[in-house]
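Comments concern the structure below.
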Amino acid sequence: MKILFVATEAAPLAKVGGMGDVVGTLPGILKALGHDVRMLMPYYGFLNQKLTIPAIPLWSGSVMYNEVEVYETTFPTAAIPLYLLGHWSFATDEVYGGEGEDWRFTLFANGSTEFIKDHWKPDVVHCHDWHTGMIPVWLALEPGVATVFTIHNLAYQGPWQGRLRQITWCPDPLKGHNTLAAALWAADQVNAVSPTYAQQIQTLEYGEDVEDILTEIAPKLHGILNGIDMDSYNPATDGALVQPFSADTLDRRPANKLALQQEVGLDNEAAPFLVGVVSRLVEQKGIDLMLPVLSRFLDATDAQILVLGTGDKAYEAALWDMTMDYPGRMAVKLLYNDSLSRRIYGGTDAFLMPSRFEPCGISQMLALRYGSVPIVRQTGGLTDTVFDHDPIAGTGNGYCFSPYDPCDLMGCLMRAWEGYKYQPQWQALQKRGMAVDFSWHLSAQDYLKLYDRAIQHKKTTFSQRLAQAQALAAADSAAAAAAATPNPVAPASVTAPPPTIPTIPKP
Ligand SMILES: Nc1ncnc2c1ncn2[C@@H]1O[C@H](COP(=O)(O)OP(=O)(O)O[C@H]2O[C@H](CO)[C@@H](O)[C@H](O)[C@H]2O)[C@@H](O)[C@H]1O
């Protein structure tokens with residue numbers, strides 16, 4: 001099968017969050033299964049430092065009154081053809097941000113569509129999040145190319161119809177009130193990144209105002225759990241750790257805790273319960289819930305907290321301020337650092353992720369893989385991957401709470417802190433987490449089935465879609481013709497001179 005991934009992130013080249021992990025790993029797995037997989041992403045300014053990119057473009061075209069070019073290179077970790085769509089607006093050091101973001105990524109989606117139609121037509125185009133949302137819209141009437149749209153984060157939906165009409169020509173009528181909604185209607189298949197989240201987004205609580213569309217498209221909506229890159233994220237071989245370890249050599253793990261404490265300025269002791277956070281600091285991740293609870297937890301226990309993340313300035317400031325009250329017991333690193341994140345997964349005792357909502361979550365899976373016991377709120381993909389520890393039965397792989405409530409989070413943290421005191425049981429808990437197979441192999445099979453469904457859907461609905469579009473176009477041109485025709489000649493009764501009234505002869 002010929003498959004093209006189109007996305008704005010792909011680790012290790014460009015990663016802001018979990019979407020980068022997915023797009024950076026899944027194509028390589030599918031290629032290893034024998035498929036012709038290629039990738040297309042924006043040509044960011046920083047890519048020249050990471051890749052060898054030819055000076056001469058492979059393709060060039062014109063979109064939204066702008067010239068764009070596509071350069072071909074190779075995706076480094078999987079030896080896959082990588083197409084980079086170049087335009088001056090992508091020559092920045094950041095993936096996201098800036099005022100023209102909606103324009104820039106609409107240009108990316110439209111340019112990608114032209115490239116697909118013109119240069120390489122795969123069987124399936126796999127689109128990720130709103131940035132690529134216009135691709136399924138444009139390809140809906142392109143025979144032989146099916147589309148799959150993956151929702152990594154429903155909270156971000158792209159430009160609305162009115163704005164879209166300002167920046168690009170839109171099919172009329174565009175089905176859907178913004179880019180993401182239009183993609184939900186137009187794509188041949190849609191999936192969310194965990195089974196639970198695929199159900200939750202059909203409800204008012206999690207639907208982000210598109211729950212009605214999601215309910216209506218339910219027959220083509222699926223939930224496929226993300227995997228992780230088990231080779232790159234392997235505590236037994238990870239060069240970022242001072243002391244690599246495995247489930248069989250857990251006795252080597254504490255060296256990583258001590259080195260981590262020293263690196264970030266925490267008191268250098270083995271005994272305190274060290275809780276880590278690696279996260280985008282945004283509302284989704286439950287930072288507002290965490291803030292008031294952390295200080296109480298630190299007051300009530302001997303625990304230590306370490307946070308690595310960037311995001312909303314208010315959260316950054318609040319976390320930073322809190323460190324002043326707990327010298328040696330709380331450290332906050334307001335930066336993006338892949339190597340430090342690995343040392344946090346490999347050196348902390350527990351990993352906190354109290355998300356308000358979570359489409360899947362990669363971080364809790366990485367924590368489990370590295371023996372850091374997750375403490376999570378049961379929502380979305382966290383429900384599908386972390387199971388509450390029952391010390392009597394000896395089951396579960398983490399600590400879970402459910403209501404989005406400070407008391408519930410506090411209770412859960414206290415349970416974990418208590419549990420840590422019983423080291424033999426704690427190590428059994430760590431080992432259960434490390435034994436879970438989060439490799440992509442199962443989910444890759446599910447994606448292949450989804451691609452087949454998309455191809456079938458395209459075949460069975462194409463003639464109907466085409467007929468609808470032709471009927472719309474015919475109605476449009478009839479209306480336009482009627483508006484352009486001059487008034488018909490007025491009937492004779494109107495144009496004829498008024499009848500003369502016969503004069504009655506005088507008697
Ligand atoms: N400051 C920092 N320094 C270094 N590394 C950092 C970092 N902040 C975050 N990361 C890394 O970014 C990734 C975060 O992935 P998640 O899936 O947990 O969340 P995210 O919300 O970004 O992803 C969205 O997309 C993914 C993919 O579908 C879904 O799993 C998820 O639920 C959805 O919200 C992890 O690899 C983590 O280590």
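Identifiers for the structure tokens are assigned positionally: chains receive A, B, ... in sequence, residues are indexed from 1 per chain, and ligands are indexed from 1 in the order shown.
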Set the distance at 7 Å and use only C-alpha atoms: which residues neighbour range 342-357 of chain A once local chain neighbours fewer than 5 positions away are removed? I'd like the list as a VMD selection string. chain A and resid 235 240 to 241 253 to 254 256 to 257 260 273 to 277 284 to 286 366 to 367 370 to 377 379 to 380 404
Kindly provide, as a tab-separated table (two decimals) with C-alpha atoms, in the first residue's frame, all nucleotide and amino acid residues lying within 6 Å of ligand 1, counting only C-alpha atoms and all ligand atoms.
```tsv
chain	number	residue	atom	x	y	z
A	17	GLY	CA	4.44	17.11	22.03
A	18	GLY	CA	3.07	13.61	21.55
A	19	MET	CA	1.99	14.05	17.91
A	22	VAL	CA	3.53	9.27	16.75
A	152	HIS	CA	-4.46	14.06	18.45
A	153	ASN	CA	-6.00	17.04	20.15
A	193	VAL	CA	-5.69	8.09	19.60
A	278	VAL	CA	7.16	16.22	32.08
A	279	SER	CA	4.46	18.17	30.32
A	280	ARG	CA	3.28	21.02	28.19
A	308	LEU	CA	9.98	19.92	33.37
A	309	GLY	CA	7.82	21.84	30.92
A	310	THR	CA	6.92	24.99	29.07
A	335	LEU	CA	12.46	24.41	29.13
A	336	TYR	CA	12.15	21.74	26.49
A	337	ASN	CA	14.88	19.13	26.92
A	338	ASP	CA	14.53	15.61	25.56
A	341	SER	CA	12.97	14.19	30.17
A	358	GLU	CA	-6.11	13.17	27.56
A	359	PRO	CA	-6.52	11.89	23.99
A	360	CYS	CA	-3.96	9.15	24.68
A	361	GLY	CA	-0.85	10.34	26.49
A	362	ILE	CA	2.64	9.20	25.60
A	363	SER	CA	4.33	10.42	28.79
```
Name the residues of range 244-479 of chain A that come out as strand (DSSP E or B) in a backbone DSSP run; write them as an MDAnalysis selection string. chainID A and resid 274:281 304:311 330:333 350:353 373:377 388 390 395 398:401
Residue nearest Arg415 in chain A - candidates A:Thr461, A:Gln243, A:Thr249, A:Thr301, atoms counted: only C-alpha atoms: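 Result for the nearest residue to Arg415 in chain A: A:Thr301.
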Please tabulate, as a tab-separated table, the residues of range 179-289 of chain A that come within 8 Å of range 124-140 of chain A, each with its closest pair of atoms and the distance in Å to one decimal, counting only C-alpha atoms and ordering rows by chain, then residue number upward.
```
residue	atom	partner	partner_atom	distance
A:Thr179	CA	A:Gly133	CA	5.3
A:Leu180	CA	A:Trp130	CA	4.8
A:Ala182	CA	A:Val137	CA	6.7
A:Ala183	CA	A:Gly133	CA	4.8
A:Ala186	CA	A:Val137	CA	5.2
A:Ala187	CA	A:Pro136	CA	5.0
A:Asp188	CA	A:Pro136	CA	7.9
```
Length of the CA of Arg296 in chain A to CA of Val332 in chain A vector [Å]: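 Separating CA of Arg296 in chain A from CA of Val332 in chain A is a distance of 17.0 Å.
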Would you pick out the contacts of Gln49 in chain A at 12 Å or less, using only C-alpha atoms, so that residues sharing its chain but fewer than 6 positions from it are not included, and give the list as a PDB file with N, CA and C atoms, in the first residue's frame?
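Once everything was written out, this is selection-v7.pdb:
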```
ATOM      1  N   LEU A  13      12.948  15.236  14.331  1.00  0.00           N
ATOM      2  CA  LEU A  13      13.241  16.470  13.585  1.00  0.00           C
ATOM      3  C   LEU A  13      12.513  17.676  14.162  1.00  0.00           C
ATOM      4  N   ALA A  14      11.227  17.510  14.422  1.00  0.00           N
ATOM      5  CA  ALA A  14      10.420  18.627  14.924  1.00  0.00           C
ATOM      6  C   ALA A  14       9.388  18.049  15.876  1.00  0.00           C
ATOM      7  N   TYR A  43       9.006  22.791   5.716  1.00  0.00           N
ATOM      8  CA  TYR A  43      10.467  22.959   5.700  1.00  0.00           C
ATOM      9  C   TYR A  43      10.802  24.062   6.705  1.00  0.00           C
ATOM     10  N   ASP A  93      12.368  29.433  13.789  1.00  0.00           N
ATOM     11  CA  ASP A  93      12.966  28.473  14.726  1.00  0.00           C
ATOM     12  C   ASP A  93      11.906  27.738  15.531  1.00  0.00           C
TER      13      ASP A  93
END
```
Kindly give the distance, in Å, that separates CA of Ile53 in chain A and CA of Phe75 in chain A, rounded to a single decimal. 10.8 Å
Contact residues around range 426-434 of chain A with only C-alpha atoms at 6 Å, ignoring same-chain residues under 3 positions, as a count of residues only: 7
Selection near Leu26 in chain A, 9 Å with only C-alpha atoms, sequence-local residues under 3 positions removed, as a list in words: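 Once the nearby chain positions are removed, what remains is Asp21, Val22, Val23, Ile29, Leu30, Lys31, Gly227, Ile228, Asp229, Trp440 and Ala444 of chain A.
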